[in-house]
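A quick write-up on the structure given underneath.
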Amino acid sequence: MPTLKIGRRSIEVSNLQKILFPKDKITKGDILDYYERVAKYMIPHMKNHPITMERFPNGIADKGFYQKNIADYFPKWIDYIPIKKQEDGVVKYAICNDAATLMYLANQLCLTPHLWLSKVDDVNTPDRIIFDFDPSSKSAVSSPTSFAGIKKAALLMKDLLEELGLTSYVMTTGSRGAHVVIPLKRKYDFDDVRAFARDVAQLLVDENPKLLTLEVRKAKRRGRIFVDYLRNAFGQTAVAPYAVRAKSGAPVATPITWQELRSAGMHAQRFTIKNIFKRLSTKKDPWHDIDKHAQSLATARKKLNALKE
C-alpha cells in the first residue's frame with residue numbers, strides 16, 4: 001500500500017486507480033493529488049471548524065452519505081472535538097487544521113468537507129452568516145432559476161447588506177448556486193444570528209417577490225430562487241471553500257470577487273479540479289483576509305429594523 005509523507009505524518013493510501021467520476025475518468029488518485037495541492041489555500045478556511053464529512057466510497061455514481069463522527073480506526077493524531085447531541089450521547093467531529101488531516105479524510109473518500117459556522121473554542125457563537133441562493137430546478141437556462149438569476153439575487157443581497165453597513169463575500173458552490181457570506185464578530189449566539197438572517201432574507205424577498213422566495217418546498221417555489229438562511233443554526237454546515245463536489249467534471253466551490261460574479265461566463269460549476277490551479281497561480285484568493293473583516297451586527301440591526309418599518 002503506497003504511503004504519502006505529508007509534513008510529519010505518513011498516510012497509507014489505497015485504490016488510487018479507482019474511478020470516482022465515471023464520465024470524466026477522474027480517479028481517487030486525482031482527488032488526492034488535488035487536495036494535496038489545494039491544501040495551502042483551503043486549510044486557512046477550515047481551521048478550527050468542526051467538519052461533517054460527505055463520503056462517496058463507490059464514487060459519485062453511487063449515493064454518498066454524510067458522516068459526523070470520526071471512526072474508531074482514525075489515527076490518534078486526527079484532531080477532533082466532542083460535542084453533545086441534543087439527545088443522549090456525544091459526536092466526535094473531525095477538525096482539519098493541516099494538510100495531513102485533509103489528505104487522510106480524502107483517502108477515506110470524504111470528497112466534500114462541510115464546515116460548521118462556528119469554531120471549536122465556542123461552538124455556540126458563529127463567525128459566519130451564510131445565505132445560500134438555490135435554484136428551483138436543475139436545468140433552467142433562461143429563467144430566474146438559471147445562474148443569471150442566481151447572479152441577480154446575490155447582487156441584490158450585496159446591495160441590501162451594503163445598505164445595512166455590512167461587507168459581504170461571494171462563492172460559487174460548485175453545485176447549483178452561490179453563497180453570500182458575512183464574516184462575523186463572535187459575540188452573538190445562533191438564535192440572534194438566525195433571526196437577523198431571517199429578517200434580511202424576508203426583506204429581500206418582499207422587495208423581489210417574482211424572483212425570490214423563502215418557500216422550502218420546491219413544488220411551491222413556482223420557479224423562484226430560494227433564499228436559504230436556515231443553515232444559520234447550531235450544528236448546520238456549509239461547503240468548505242475549494243471542496244470538490246460530487247458532480248460530473250469535479251467542480252470546486254470557489255470564492256470569487258463580486259466583479260467576477262458579474263462576468264458573462266460565471267456559473268456555479270465554472271471552476272473544477274482541472275482549471276482551479278491556473279486561477280490560483282494568477283489571482284490571490286479573494287477570501288484570503290476575510291476574517292480580518294469580521295463585523296458587528298449592532299448598527300445593521302438598527303438599520304434593518306428601520307427598513308422593515
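We label chains A, B, ... in the order they appear in the C-alpha cells, count residues from 1 in each chain, and number ligands from 1 in the order shown.
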Once you count only C-alpha atoms, what closest atom pair and distance in Å to one decimal does each residue of range 25-137 of chain A within 12 Å of range 282-299 of chain A have, with rows by chain and rising residue number, as JSON lines?
{"residue": "A:Val38", "atom": "CA", "partner": "A:Asp285", "partner_atom": "CA", "distance": 11.4}
{"residue": "A:Lys40", "atom": "CA", "partner": "A:Asp285", "partner_atom": "CA", "distance": 10.9}
{"residue": "A:Tyr41", "atom": "CA", "partner": "A:Asp285", "partner_atom": "CA", "distance": 7.5}
{"residue": "A:Met42", "atom": "CA", "partner": "A:Asp285", "partner_atom": "CA", "distance": 9.8}
{"residue": "A:Ile43", "atom": "CA", "partner": "A:His288", "partner_atom": "CA", "distance": 11.0}
{"residue": "A:Pro44", "atom": "CA", "partner": "A:His288", "partner_atom": "CA", "distance": 8.2}
{"residue": "A:His45", "atom": "CA", "partner": "A:His288", "partner_atom": "CA", "distance": 8.5}
{"residue": "A:Met46", "atom": "CA", "partner": "A:Asp291", "partner_atom": "CA", "distance": 11.9}
{"residue": "A:Lys47", "atom": "CA", "partner": "A:Asp291", "partner_atom": "CA", "distance": 11.6}
{"residue": "A:Pro126", "atom": "CA", "partner": "A:Ala294", "partner_atom": "CA", "distance": 11.0}
{"residue": "A:Asp127", "atom": "CA", "partner": "A:Ala294", "partner_atom": "CA", "distance": 7.7}
{"residue": "A:Arg128", "atom": "CA", "partner": "A:Ala294", "partner_atom": "CA", "distance": 8.5}
{"residue": "A:Ile129", "atom": "CA", "partner": "A:Gln295", "partner_atom": "CA", "distance": 10.5}
Quick one: write out the picked residues with C-alpha atoms as a short mmCIF file (atom, residue, chain, number, x, y, z; two decimals), in the first residue's frame?
data_model
loop_
_atom_site.label_atom_id
_atom_site.label_comp_id
_atom_site.auth_asym_id
_atom_site.auth_seq_id
_atom_site.Cartn_x
_atom_site.Cartn_y
_atom_site.Cartn_z
CA VAL A 38 -5.02 22.93 -2.76
CA LYS A 40 -2.44 25.66 1.44
CA TYR A 41 -5.42 27.61 0.12
CA MET A 42 -8.11 25.51 1.76
CA ILE A 43 -6.80 24.91 5.29
CA PRO A 44 -6.99 28.58 6.40
CA HIS A 45 -10.76 28.48 5.70
CA MET A 46 -11.23 25.19 7.55
CA LYS A 47 -9.12 25.81 10.64
CA PRO A 126 -20.93 31.71 14.88
CA ASP A 127 -18.24 33.52 12.92
CA ARG A 128 -20.21 33.50 9.66
CA ILE A 129 -23.65 34.30 8.33
#
message: List the spatial neighbours of Thr254 in chain A as number ranges by chain - criterion: any atom at most 12 Å away, only C-alpha atoms, same-chain residues fewer than 3 positions off excluded.
response: A: 38, 41-42, 45, 169-175, 177-180, 239-245, 251, 257, 260-261, 266-273, 275-277, 279-280, 285-287
Can I get the selection written as a short mmCIF file (atom, residue, chain, number, x, y, z; two decimals), in the first residue's frame, with C-alpha atoms?
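Result file is again.cif:
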data_model
loop_
_atom_site.label_atom_id
_atom_site.label_comp_id
_atom_site.auth_asym_id
_atom_site.auth_seq_id
_atom_site.Cartn_x
_atom_site.Cartn_y
_atom_site.Cartn_z
CA VAL A 38 -5.02 22.93 -2.76
CA TYR A 41 -5.42 27.61 0.12
CA MET A 42 -8.11 25.51 1.76
CA HIS A 45 -10.76 28.48 5.70
CA TYR A 169 -18.27 37.91 0.16
CA VAL A 170 -19.45 35.53 -2.55
CA MET A 171 -18.60 31.95 -3.52
CA THR A 172 -19.81 29.67 -6.29
CA THR A 173 -20.84 26.43 -4.61
CA GLY A 174 -19.61 24.05 -7.30
CA SER A 175 -23.14 22.64 -7.32
CA GLY A 177 -25.99 28.12 -6.63
CA ALA A 178 -23.94 30.69 -4.76
CA HIS A 179 -23.25 31.57 -1.16
CA VAL A 180 -23.18 35.14 0.13
CA VAL A 239 -19.48 23.51 1.96
CA ALA A 240 -15.82 24.33 2.56
CA PRO A 241 -14.15 26.73 0.12
CA TYR A 242 -12.23 24.73 -2.53
CA ALA A 243 -14.06 21.49 -1.69
CA VAL A 244 -14.81 19.13 -4.58
CA ARG A 245 -18.47 18.49 -5.36
CA PRO A 251 -16.36 21.18 -9.88
CA THR A 257 -14.96 38.61 -6.36
CA GLU A 260 -16.18 38.14 -11.29
CA LEU A 261 -19.74 37.18 -10.39
CA MET A 266 -19.51 32.74 -14.46
CA HIS A 267 -21.66 29.90 -13.21
CA ALA A 268 -21.83 27.58 -10.21
CA GLN A 269 -19.54 24.93 -11.71
CA ARG A 270 -17.17 27.28 -13.53
CA PHE A 271 -14.10 26.03 -11.63
CA THR A 272 -13.01 22.39 -11.43
CA ILE A 273 -10.05 20.41 -10.18
CA ASN A 275 -8.69 24.55 -14.03
CA ILE A 276 -8.63 25.89 -10.45
CA PHE A 277 -4.84 25.96 -10.17
CA ARG A 279 -6.71 30.62 -11.39
CA LEU A 280 -4.86 30.28 -8.07
CA ASP A 285 -7.73 34.00 -3.06
CA PRO A 286 -10.49 36.65 -2.78
CA TRP A 287 -11.21 35.41 0.75
#
- request: If you run DSSP over the backbone, which residues in range 23-243 of chain A end up alpha helix (DSSP H)? Put them as a PyMOL selection string.
  value: chain A and resi 28-46+99-107+147-163+190-207
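Using only C-alpha atoms, the residues found no farther than 10 Å from Arg221 in chain A, other than those of its own chain fewer than 5 positions away, are Pro135, Ser136, Ser137, Leu211, Leu212, Thr213, Leu214, Glu215, Val216 and Phe226 of chain A.
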task: Using only C-alpha atoms, find the one residue out of A:Leu105, A:Met157, A:Ala306, A:Met53 that sits nearest to Leu204 in chain A.
output: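 Checking each of A:Leu105, A:Met157, A:Ala306, A:Met53 against Leu204 in chain A, counting only C-alpha atoms, the winner is A:Met157.
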- request: Please run DSSP on the backbone and report, as a PyMOL selection string, all residues within range 41-239 of chain A that come out as strand (DSSP E).
  value: chain A and resi 50-55+65-67+80-84+90-95+110-116+118-119+122-126+128-134+169-172+178-183+212-213+225-228+237-239
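In terms of minimum interatomic distance to Asp132 in chain A, A:Asp228 ranks closest within A:Asp33, A:Asp88, A:Asp228, A:Asp72, counting only C-alpha atoms.
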query: Looking at only C-alpha atoms, which of A:Arg231, A:Lys303, A:Arg217, A:Arg176 is the one that sits closest to Arg194 in chain A?
result: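 Residue with the minimum atom-to-atom distance to Arg194 in chain A: A:Arg231.
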- request: Work out how far apart CA of Ile81 in chain A and CA of Asp121 in chain A are and give it in Å to one decimal.
  value: 9.3 Å
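Rounded to one decimal, CA of Gly89 in chain A and CA of Phe234 in chain A lie 16.5 Å from each other.
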